[in-house]
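Structure below is final.pdb: PDB, N, CA and C atoms.
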ATOM      1  N   HIS A   1     112.178 118.768  95.686
ATOM      2  CA  HIS A   1     112.041 117.341  95.522
ATOM      3  C   HIS A   1     112.892 116.598  96.542
ATOM      4  N   ASP A   2     114.068 117.094  96.856
ATOM      5  CA  ASP A   2     114.934 116.445  97.838
ATOM      6  C   ASP A   2     114.284 116.423  99.218
ATOM      7  N   THR A   3     113.633 117.512  99.584
ATOM      8  CA  THR A   3     112.964 117.574 100.884
ATOM      9  C   THR A   3     111.850 116.548 100.956
ATOM     10  N   LEU A   4     111.095 116.394  99.883
ATOM     11  CA  LEU A   4     110.017 115.406  99.861
ATOM     12  C   LEU A   4     110.581 113.991  99.970
ATOM     13  N   ARG A   5     111.693 113.729  99.313
ATOM     14  CA  ARG A   5     112.319 112.397  99.416
ATOM     15  C   ARG A   5     112.824 112.138 100.831
ATOM     16  N   GLU A   6     113.324 113.161 101.509
ATOM     17  CA  GLU A   6     113.770 112.999 102.896
ATOM     18  C   GLU A   6     112.592 112.655 103.799
ATOM     19  N   ILE A   7     111.471 113.325 103.592
ATOM     20  CA  ILE A   7     110.269 113.037 104.376
ATOM     21  C   ILE A   7     109.812 111.604 104.105
ATOM     22  N   ALA A   8     109.820 111.208 102.839
ATOM     23  CA  ALA A   8     109.412 109.847 102.477
ATOM     24  C   ALA A   8     110.340 108.813 103.114
ATOM     25  N   ALA A   9     111.625 109.065 103.083
ATOM     26  CA  ALA A   9     112.585 108.141 103.681
ATOM     27  C   ALA A   9     112.338 108.009 105.180
ATOM     28  N   ARG A  10     112.007 109.111 105.837
ATOM     29  CA  ARG A  10     111.689 109.073 107.262
ATOM     30  C   ARG A  10     110.473 108.194 107.530
ATOM     31  N   HIS A  11     109.444 108.338 106.703
ATOM     32  CA  HIS A  11     108.248 107.513 106.863
ATOM     33  C   HIS A  11     108.571 106.032 106.630
ATOM     34  N   LEU A  12     109.401 105.756 105.654
ATOM     35  CA  LEU A  12     109.728 104.368 105.317
ATOM     36  C   LEU A  12     110.625 103.709 106.363
ATOM     37  N   ARG A  13     111.379 104.487 107.114
ATOM     38  CA  ARG A  13     112.211 103.914 108.179
ATOM     39  C   ARG A  13     111.371 103.204 109.224
ATOM     40  N   GLY A  14     110.140 103.651 109.408
ATOM     41  CA  GLY A  14     109.264 103.022 110.389
ATOM     42  C   GLY A  14     108.559 101.779 109.876
ATOM     43  N   GLU A  15     108.732 101.475 108.611
ATOM     44  CA  GLU A  15     108.073 100.316 108.006
ATOM     45  C   GLU A  15     108.943  99.070 108.166
ATOM     46  N   SER A  16     108.317  97.907 107.968
ATOM     47  CA  SER A  16     109.049  96.650 108.083
ATOM     48  C   SER A  16     110.053  96.505 106.942
ATOM     49  N   GLU A  17     111.035  95.645 107.152
ATOM     50  CA  GLU A  17     112.047  95.415 106.119
ATOM     51  C   GLU A  17     111.402  94.748 104.916
ATOM     52  N   GLY A  18     111.985  94.973 103.768
ATOM     53  CA  GLY A  18     111.459  94.369 102.562
ATOM     54  C   GLY A  18     110.283  95.115 101.975
ATOM     55  N   HIS A  19     110.084  96.338 102.411
ATOM     56  CA  HIS A  19     108.976  97.143 101.882
ATOM     57  C   HIS A  19     109.212  97.399 100.407
ATOM     58  N   THR A  20     108.148  97.330  99.615
ATOM     59  CA  THR A  20     108.305  97.429  98.162
ATOM     60  C   THR A  20     108.349  98.864  97.653
ATOM     61  N   LEU A  21     107.949  99.830  98.451
ATOM     62  CA  LEU A  21     107.987 101.218  98.009
ATOM     63  C   LEU A  21     109.338 101.845  98.326
ATOM     64  N   THR A  22     109.823 102.640  97.406
ATOM     65  CA  THR A  22     111.043 103.414  97.623
ATOM     66  C   THR A  22     110.626 104.837  97.989
ATOM     67  N   PRO A  23     111.542 105.634  98.529
ATOM     68  CA  PRO A  23     111.186 107.025  98.824
ATOM     69  C   PRO A  23     110.682 107.776  97.586
ATOM     70  N   THR A  24     111.313 107.551  96.441
ATOM     71  CA  THR A  24     110.879 108.235  95.220
ATOM     72  C   THR A  24     109.471 107.805  94.824
ATOM     73  N   ALA A  25     109.185 106.511  94.908
ATOM     74  CA  ALA A  25     107.849 106.012  94.569
ATOM     75  C   ALA A  25     106.809 106.583  95.530
ATOM     76  N   LEU A  26     107.164 106.692  96.798
ATOM     77  CA  LEU A  26     106.242 107.253  97.784
ATOM     78  C   LEU A  26     105.954 108.721  97.486
ATOM     79  N   VAL A  27     106.979 109.474  97.107
ATOM     80  CA  VAL A  27     106.785 110.875  96.724
ATOM     81  C   VAL A  27     105.841 110.966  95.534
ATOM     82  N   HIS A  28     106.055 110.129  94.538
ATOM     83  CA  HIS A  28     105.220 110.164  93.338
ATOM     84  C   HIS A  28     103.767 109.806  93.646
ATOM     85  N   GLU A  29     103.560 108.786  94.467
ATOM     86  CA  GLU A  29     102.198 108.395  94.837
ATOM     87  C   GLU A  29     101.493 109.518  95.599
ATOM     88  N   ALA A  30     102.213 110.149  96.526
ATOM     89  CA  ALA A  30     101.627 111.263  97.282
ATOM     90  C   ALA A  30     101.320 112.435  96.349
ATOM     91  N   TRP A  31     102.215 112.701  95.402
ATOM     92  CA  TRP A  31     102.009 113.798  94.453
ATOM     93  C   TRP A  31     100.756 113.553  93.613
ATOM     94  N   LEU A  32     100.566 112.315  93.158
ATOM     95  CA  LEU A  32      99.376 111.990  92.373
ATOM     96  C   LEU A  32      98.097 112.250  93.173
ATOM     97  N   ARG A  33      98.138 111.914  94.444
ATOM     98  CA  ARG A  33      96.961 112.172  95.281
ATOM     99  C   ARG A  33      96.757 113.666  95.504
ATOM    100  N   LEU A  34      97.848 114.382  95.621
ATOM    101  CA  LEU A  34      97.763 115.823  95.853
ATOM    102  C   LEU A  34      97.135 116.539  94.662
ATOM    103  N   VAL A  35      97.544 116.189  93.457
ATOM    104  CA  VAL A  35      97.020 116.881  92.281
ATOM    105  C   VAL A  35      95.560 116.535  92.012
ATOM    106  N   GLN A  36      95.068 115.457  92.608
ATOM    107  CA  GLN A  36      93.665 115.099  92.455
ATOM    108  C   GLN A  36      92.757 115.939  93.347
ATOM    109  N   GLN A  37      93.337 116.590  94.349
ATOM    110  CA  GLN A  37      92.556 117.438  95.249
ATOM    111  C   GLN A  37      92.393 118.810  94.618
ATOM    112  N   ARG A  38      91.201 119.111  94.211
ATOM    113  CA  ARG A  38      90.940 120.372  93.506
ATOM    114  C   ARG A  38      90.960 121.594  94.427
ATOM    115  N   ASP A  39      90.604 121.405  95.681
ATOM    116  CA  ASP A  39      90.495 122.557  96.578
ATOM    117  C   ASP A  39      91.705 122.692  97.508
ATOM    118  N   ALA A  40      92.836 122.092  97.140
ATOM    119  CA  ALA A  40      94.028 122.182  97.973
ATOM    120  C   ALA A  40      94.586 123.605  97.952
ATOM    121  N   ALA A  41      94.773 124.148  99.133
ATOM    122  CA  ALA A  41      95.363 125.485  99.265
ATOM    123  C   ALA A  41      96.376 125.428 100.412
ATOM    124  N   PHE A  42      97.515 126.034 100.194
ATOM    125  CA  PHE A  42      98.586 125.983 101.184
ATOM    126  C   PHE A  42      98.947 127.391 101.604
ATOM    127  N   SER A  43      99.084 127.578 102.901
ATOM    128  CA  SER A  43      99.396 128.911 103.404
ATOM    129  C   SER A  43     100.885 129.239 103.269
ATOM    130  N   ASP A  44     101.728 128.207 103.316
ATOM    131  CA  ASP A  44     103.169 128.417 103.170
ATOM    132  C   ASP A  44     103.857 127.078 102.906
ATOM    133  N   ARG A  45     105.153 127.100 102.815
ATOM    134  CA  ARG A  45     105.927 125.891 102.511
ATOM    135  C   ARG A  45     105.752 124.830 103.596
ATOM    136  N   THR A  46     105.745 125.244 104.838
ATOM    137  CA  THR A  46     105.584 124.305 105.947
ATOM    138  C   THR A  46     104.239 123.597 105.863
ATOM    139  N   HIS A  47     103.202 124.342 105.569
ATOM    140  CA  HIS A  47     101.873 123.764 105.432
ATOM    141  C   HIS A  47     101.845 122.759 104.273
ATOM    142  N   PHE A  48     102.450 123.107 103.154
ATOM    143  CA  PHE A  48     102.536 122.209 102.010
ATOM    144  C   PHE A  48     103.242 120.908 102.390
ATOM    145  N   LEU A  49     104.383 121.015 103.050
ATOM    146  CA  LEU A  49     105.133 119.822 103.437
ATOM    147  C   LEU A  49     104.347 118.965 104.429
ATOM    148  N   ALA A  50     103.614 119.587 105.317
ATOM    149  CA  ALA A  50     102.792 118.835 106.275
ATOM    150  C   ALA A  50     101.690 118.060 105.564
ATOM    151  N   ILE A  51     101.051 118.690 104.596
ATOM    152  CA  ILE A  51      99.990 118.021 103.839
ATOM    153  C   ILE A  51     100.564 116.853 103.046
ATOM    154  N   VAL A  52     101.685 117.056 102.386
ATOM    155  CA  VAL A  52     102.303 115.990 101.599
ATOM    156  C   VAL A  52     102.755 114.850 102.516
ATOM    157  N   SER A  53     103.280 115.178 103.671
ATOM    158  CA  SER A  53     103.685 114.156 104.628
ATOM    159  C   SER A  53     102.488 113.310 105.057
ATOM    160  N   ARG A  54     101.384 113.953 105.315
ATOM    161  CA  ARG A  54     100.165 113.234 105.692
ATOM    162  C   ARG A  54      99.693 112.328 104.547
ATOM    163  N   LEU A  55      99.786 112.823 103.328
ATOM    164  CA  LEU A  55      99.405 112.004 102.173
ATOM    165  C   LEU A  55     100.328 110.790 102.033
ATOM    166  N   MET A  56     101.606 110.968 102.311
ATOM    167  CA  MET A  56     102.538 109.838 102.253
ATOM    168  C   MET A  56     102.144 108.772 103.261
ATOM    169  N   ARG A  57     101.769 109.216 104.437
ATOM    170  CA  ARG A  57     101.348 108.254 105.472
ATOM    171  C   ARG A  57     100.107 107.494 105.009
ATOM    172  N   ARG A  58      99.179 108.177 104.370
ATOM    173  CA  ARG A  58      97.979 107.511 103.855
ATOM    174  C   ARG A  58      98.326 106.515 102.755
ATOM    175  N   VAL A  59      99.283 106.871 101.908
ATOM    176  CA  VAL A  59      99.727 105.946 100.861
ATOM    177  C   VAL A  59     100.276 104.677 101.506
ATOM    178  N   LEU A  60     101.091 104.830 102.548
ATOM    179  CA  LEU A  60     101.656 103.669 103.230
ATOM    180  C   LEU A  60     100.572 102.826 103.886
ATOM    181  N   LEU A  61      99.599 103.472 104.490
ATOM    182  CA  LEU A  61      98.496 102.728 105.106
ATOM    183  C   LEU A  61      97.694 101.963 104.065
ATOM    184  N   ASP A  62      97.371 102.607 102.963
ATOM    185  CA  ASP A  62      96.627 101.948 101.893
ATOM    186  C   ASP A  62      97.427 100.785 101.310
ATOM    187  N   HIS A  63      98.721 100.981 101.164
ATOM    188  CA  HIS A  63      99.591  99.928 100.643
ATOM    189  C   HIS A  63      99.580  98.723 101.589
ATOM    190  N   ALA A  64      99.683  98.976 102.885
ATOM    191  CA  ALA A  64      99.668  97.891 103.878
ATOM    192  C   ALA A  64      98.325  97.169 103.868
ATOM    193  N   ARG A  65      97.240  97.905 103.781
ATOM    194  CA  ARG A  65      95.913  97.278 103.733
ATOM    195  C   ARG A  65      95.774  96.393 102.499
ATOM    196  N   ARG A  66      96.245  96.893 101.371
ATOM    197  CA  ARG A  66      96.168  96.126 100.129
ATOM    198  C   ARG A  66      97.008  94.849 100.228
ATOM    199  N   THR A  67      98.192  94.967 100.798
ATOM    200  CA  THR A  67      99.072  93.809 100.942
ATOM    201  C   THR A  67      98.435  92.768 101.845
ATOM    202  N   ARG A  68      97.863  93.193 102.950
ATOM    203  CA  ARG A  68      97.212  92.255 103.868
ATOM    204  C   ARG A  68      95.983  91.620 103.230
ATOM    205  N   ALA A  69      95.254  92.379 102.458
ATOM    206  CA  ALA A  69      94.075  91.834 101.781
ATOM    207  C   ALA A  69      94.490  90.790 100.753
ATOM    208  N   ASP A  70      95.592  91.056 100.046
ATOM    209  CA  ASP A  70      96.094  90.086  99.062
ATOM    210  C   ASP A  70      96.500  88.787  99.742
ATOM    211  N   LYS A  71      97.076  88.874 100.921
ATOM    212  CA  LYS A  71      97.483  87.665 101.642
ATOM    213  C   LYS A  71      96.277  86.858 102.108
ATOM    214  N   ARG A  72      95.190  87.554 102.469
ATOM    215  CA  ARG A  72      93.989  86.841 102.927
ATOM    216  C   ARG A  72      93.311  86.107 101.785
ATOM    217  N   THR A  73      93.357  86.661 100.587
ATOM    218  CA  THR A  73      92.658  86.040  99.455
ATOM    219  C   THR A  73      93.499  84.956  98.784
ATOM    220  N   ALA A  74      94.781  84.937  99.057
ATOM    221  CA  ALA A  74      95.670  83.941  98.400
ATOM    222  C   ALA A  74      95.601  82.596  99.063
TER     223      ALA A  74
END

Rewrite the structure of this file - the entire thing - as structure tokens.
Amino acid sequence: HDTLREIAARHLRGESEGHTLTPTALVHEAWLRLVQQRDAAFSDRTHFLAIVSRLMRRVLLDHARRTRADKRTA
């Protein structure tokens, strides 16, 4: 879990200030997406961490899209 939080923190460092997601929340969101994938198979720990890292990036992208969409409709 600590390794996943470190990866999440790294991803969040590239985001703008005032971001509403915390590293823990990002880990949880990525985990929820991971467990929804029925055919997920990992060859080793490195492969698992790479997949989770990619999912975290997608969570951040989706979050940014949602935030921008909310601003357009307001």

Original post:
Could you state the separation of atom C of Ala30 in chain A and CA of Thr3 in chain A in Å, given to one decimal place?
Top reply: 13.5 Å

Answer key for the PyMOL selection byres (((chain A and resi 41-53 and name CA) around 12) and name CA), residues as a compact mmCIF listing (two decimals) with N, CA and C atoms, in the frame of the given file:
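Writing the result to part_32.txt gives the following:
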# COMPACT_ATOMS: atom_id res chain seq x y z
N HIS A 1 112.18 118.77 95.69
CA HIS A 1 112.04 117.34 95.52
C HIS A 1 112.89 116.60 96.54
N ASP A 2 114.07 117.09 96.86
CA ASP A 2 114.93 116.44 97.84
C ASP A 2 114.28 116.42 99.22
N THR A 3 113.63 117.51 99.58
CA THR A 3 112.96 117.57 100.88
C THR A 3 111.85 116.55 100.96
N LEU A 4 111.10 116.39 99.88
CA LEU A 4 110.02 115.41 99.86
C LEU A 4 110.58 113.99 99.97
N ARG A 5 111.69 113.73 99.31
CA ARG A 5 112.32 112.40 99.42
C ARG A 5 112.82 112.14 100.83
N GLU A 6 113.32 113.16 101.51
CA GLU A 6 113.77 113.00 102.90
C GLU A 6 112.59 112.66 103.80
N ILE A 7 111.47 113.32 103.59
CA ILE A 7 110.27 113.04 104.38
C ILE A 7 109.81 111.60 104.10
N ALA A 8 109.82 111.21 102.84
CA ALA A 8 109.41 109.85 102.48
C ALA A 8 110.34 108.81 103.11
N ALA A 9 111.62 109.06 103.08
CA ALA A 9 112.58 108.14 103.68
C ALA A 9 112.34 108.01 105.18
N ARG A 10 112.01 109.11 105.84
CA ARG A 10 111.69 109.07 107.26
C ARG A 10 110.47 108.19 107.53
N HIS A 11 109.44 108.34 106.70
CA HIS A 11 108.25 107.51 106.86
C HIS A 11 108.57 106.03 106.63
N LEU A 12 109.40 105.76 105.65
CA LEU A 12 109.73 104.37 105.32
C LEU A 12 110.62 103.71 106.36
N PRO A 23 111.54 105.63 98.53
CA PRO A 23 111.19 107.02 98.82
C PRO A 23 110.68 107.78 97.59
N LEU A 26 107.16 106.69 96.80
CA LEU A 26 106.24 107.25 97.78
C LEU A 26 105.95 108.72 97.49
N VAL A 27 106.98 109.47 97.11
CA VAL A 27 106.78 110.88 96.72
C VAL A 27 105.84 110.97 95.53
N HIS A 28 106.06 110.13 94.54
CA HIS A 28 105.22 110.16 93.34
C HIS A 28 103.77 109.81 93.65
N GLU A 29 103.56 108.79 94.47
CA GLU A 29 102.20 108.40 94.84
C GLU A 29 101.49 109.52 95.60
N ALA A 30 102.21 110.15 96.53
CA ALA A 30 101.63 111.26 97.28
C ALA A 30 101.32 112.44 96.35
N TRP A 31 102.22 112.70 95.40
CA TRP A 31 102.01 113.80 94.45
C TRP A 31 100.76 113.55 93.61
N LEU A 32 100.57 112.32 93.16
CA LEU A 32 99.38 111.99 92.37
C LEU A 32 98.10 112.25 93.17
N ARG A 33 98.14 111.91 94.44
CA ARG A 33 96.96 112.17 95.28
C ARG A 33 96.76 113.67 95.50
N LEU A 34 97.85 114.38 95.62
CA LEU A 34 97.76 115.82 95.85
C LEU A 34 97.14 116.54 94.66
N VAL A 35 97.54 116.19 93.46
CA VAL A 35 97.02 116.88 92.28
C VAL A 35 95.56 116.54 92.01
N GLN A 37 93.34 116.59 94.35
CA GLN A 37 92.56 117.44 95.25
C GLN A 37 92.39 118.81 94.62
N ARG A 38 91.20 119.11 94.21
CA ARG A 38 90.94 120.37 93.51
C ARG A 38 90.96 121.59 94.43
N ASP A 39 90.60 121.40 95.68
CA ASP A 39 90.50 122.56 96.58
C ASP A 39 91.70 122.69 97.51
N ALA A 40 92.84 122.09 97.14
CA ALA A 40 94.03 122.18 97.97
C ALA A 40 94.59 123.60 97.95
N ARG A 54 101.38 113.95 105.32
CA ARG A 54 100.16 113.23 105.69
C ARG A 54 99.69 112.33 104.55
N LEU A 55 99.79 112.82 103.33
CA LEU A 55 99.40 112.00 102.17
C LEU A 55 100.33 110.79 102.03
N MET A 56 101.61 110.97 102.31
CA MET A 56 102.54 109.84 102.25
C MET A 56 102.14 108.77 103.26
N ARG A 57 101.77 109.22 104.44
CA ARG A 57 101.35 108.25 105.47
C ARG A 57 100.11 107.49 105.01
N ARG A 58 99.18 108.18 104.37
CA ARG A 58 97.98 107.51 103.86
C ARG A 58 98.33 106.52 102.76
N VAL A 59 99.28 106.87 101.91
CA VAL A 59 99.73 105.95 100.86
C VAL A 59 100.28 104.68 101.51
N LEU A 60 101.09 104.83 102.55
CA LEU A 60 101.66 103.67 103.23
C LEU A 60 100.57 102.83 103.89

Original post:
Mind pulling up the distance from atom C of Glu15 in chain A to CA of Ala69 in chain A?
Top reply: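 Computing the Euclidean distance for CA of Ala69 in chain A and atom C of Glu15 in chain A yields 17.7 Å.
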
Original post:
Out of chain A, which residues get alpha helix (DSSP H) from DSSP, as a count of residues only?
Top reply: 55

Fix up range 10-30 of chain A with N, CA, C and O atoms, then write it as a compact mmCIF listing (two decimals), in the frame of the given file.
# COMPACT_ATOMS: atom_id res chain seq x y z
N ARG A 10 112.01 109.11 105.84
CA ARG A 10 111.69 109.07 107.26
C ARG A 10 110.47 108.19 107.53
O ARG A 10 110.46 107.40 108.47
N HIS A 11 109.44 108.34 106.70
CA HIS A 11 108.25 107.51 106.86
C HIS A 11 108.57 106.03 106.63
O HIS A 11 108.07 105.16 107.35
N LEU A 12 109.40 105.76 105.65
CA LEU A 12 109.73 104.37 105.32
C LEU A 12 110.62 103.71 106.36
O LEU A 12 110.62 102.49 106.50
N ARG A 13 111.38 104.49 107.11
CA ARG A 13 112.21 103.91 108.18
C ARG A 13 111.37 103.20 109.22
O ARG A 13 111.84 102.25 109.84
N GLY A 14 110.14 103.65 109.41
CA GLY A 14 109.26 103.02 110.39
C GLY A 14 108.56 101.78 109.88
O GLY A 14 107.88 101.09 110.63
N GLU A 15 108.73 101.48 108.61
CA GLU A 15 108.07 100.32 108.01
C GLU A 15 108.94 99.07 108.17
O GLU A 15 110.13 99.15 108.44
N SER A 16 108.32 97.91 107.97
CA SER A 16 109.05 96.65 108.08
C SER A 16 110.05 96.50 106.94
O SER A 16 109.92 97.13 105.89
N GLU A 17 111.04 95.64 107.15
CA GLU A 17 112.05 95.42 106.12
C GLU A 17 111.40 94.75 104.92
O GLU A 17 110.40 94.06 105.03
N GLY A 18 111.98 94.97 103.77
CA GLY A 18 111.46 94.37 102.56
C GLY A 18 110.28 95.12 101.98
O GLY A 18 109.56 94.58 101.14
N HIS A 19 110.08 96.34 102.41
CA HIS A 19 108.98 97.14 101.88
C HIS A 19 109.21 97.40 100.41
O HIS A 19 110.33 97.63 99.98
N THR A 20 108.15 97.33 99.62
CA THR A 20 108.30 97.43 98.16
C THR A 20 108.35 98.86 97.65
O THR A 20 108.76 99.09 96.52
N LEU A 21 107.95 99.83 98.45
CA LEU A 21 107.99 101.22 98.01
C LEU A 21 109.34 101.84 98.33
O LEU A 21 109.91 101.61 99.38
N THR A 22 109.82 102.64 97.41
CA THR A 22 111.04 103.41 97.62
C THR A 22 110.63 104.84 97.99
O THR A 22 109.48 105.23 97.77
N PRO A 23 111.54 105.63 98.53
CA PRO A 23 111.19 107.02 98.82
C PRO A 23 110.68 107.78 97.59
O PRO A 23 109.71 108.52 97.66
N THR A 24 111.31 107.55 96.44
CA THR A 24 110.88 108.24 95.22
C THR A 24 109.47 107.80 94.82
O THR A 24 108.64 108.64 94.46
N ALA A 25 109.18 106.51 94.91
CA ALA A 25 107.85 106.01 94.57
C ALA A 25 106.81 106.58 95.53
O ALA A 25 105.70 106.94 95.11
N LEU A 26 107.16 106.69 96.80
CA LEU A 26 106.24 107.25 97.78
C LEU A 26 105.95 108.72 97.49
O LEU A 26 104.80 109.17 97.57
N VAL A 27 106.98 109.47 97.11
CA VAL A 27 106.78 110.88 96.72
C VAL A 27 105.84 110.97 95.53
O VAL A 27 104.91 111.78 95.51
N HIS A 28 106.06 110.13 94.54
CA HIS A 28 105.22 110.16 93.34
C HIS A 28 103.77 109.81 93.65
O HIS A 28 102.85 110.46 93.15
N GLU A 29 103.56 108.79 94.47
CA GLU A 29 102.20 108.40 94.84
C GLU A 29 101.49 109.52 95.60
O GLU A 29 100.32 109.82 95.35
N ALA A 30 102.21 110.15 96.53
CA ALA A 30 101.63 111.26 97.28
C ALA A 30 101.32 112.44 96.35
O ALA A 30 100.28 113.10 96.48
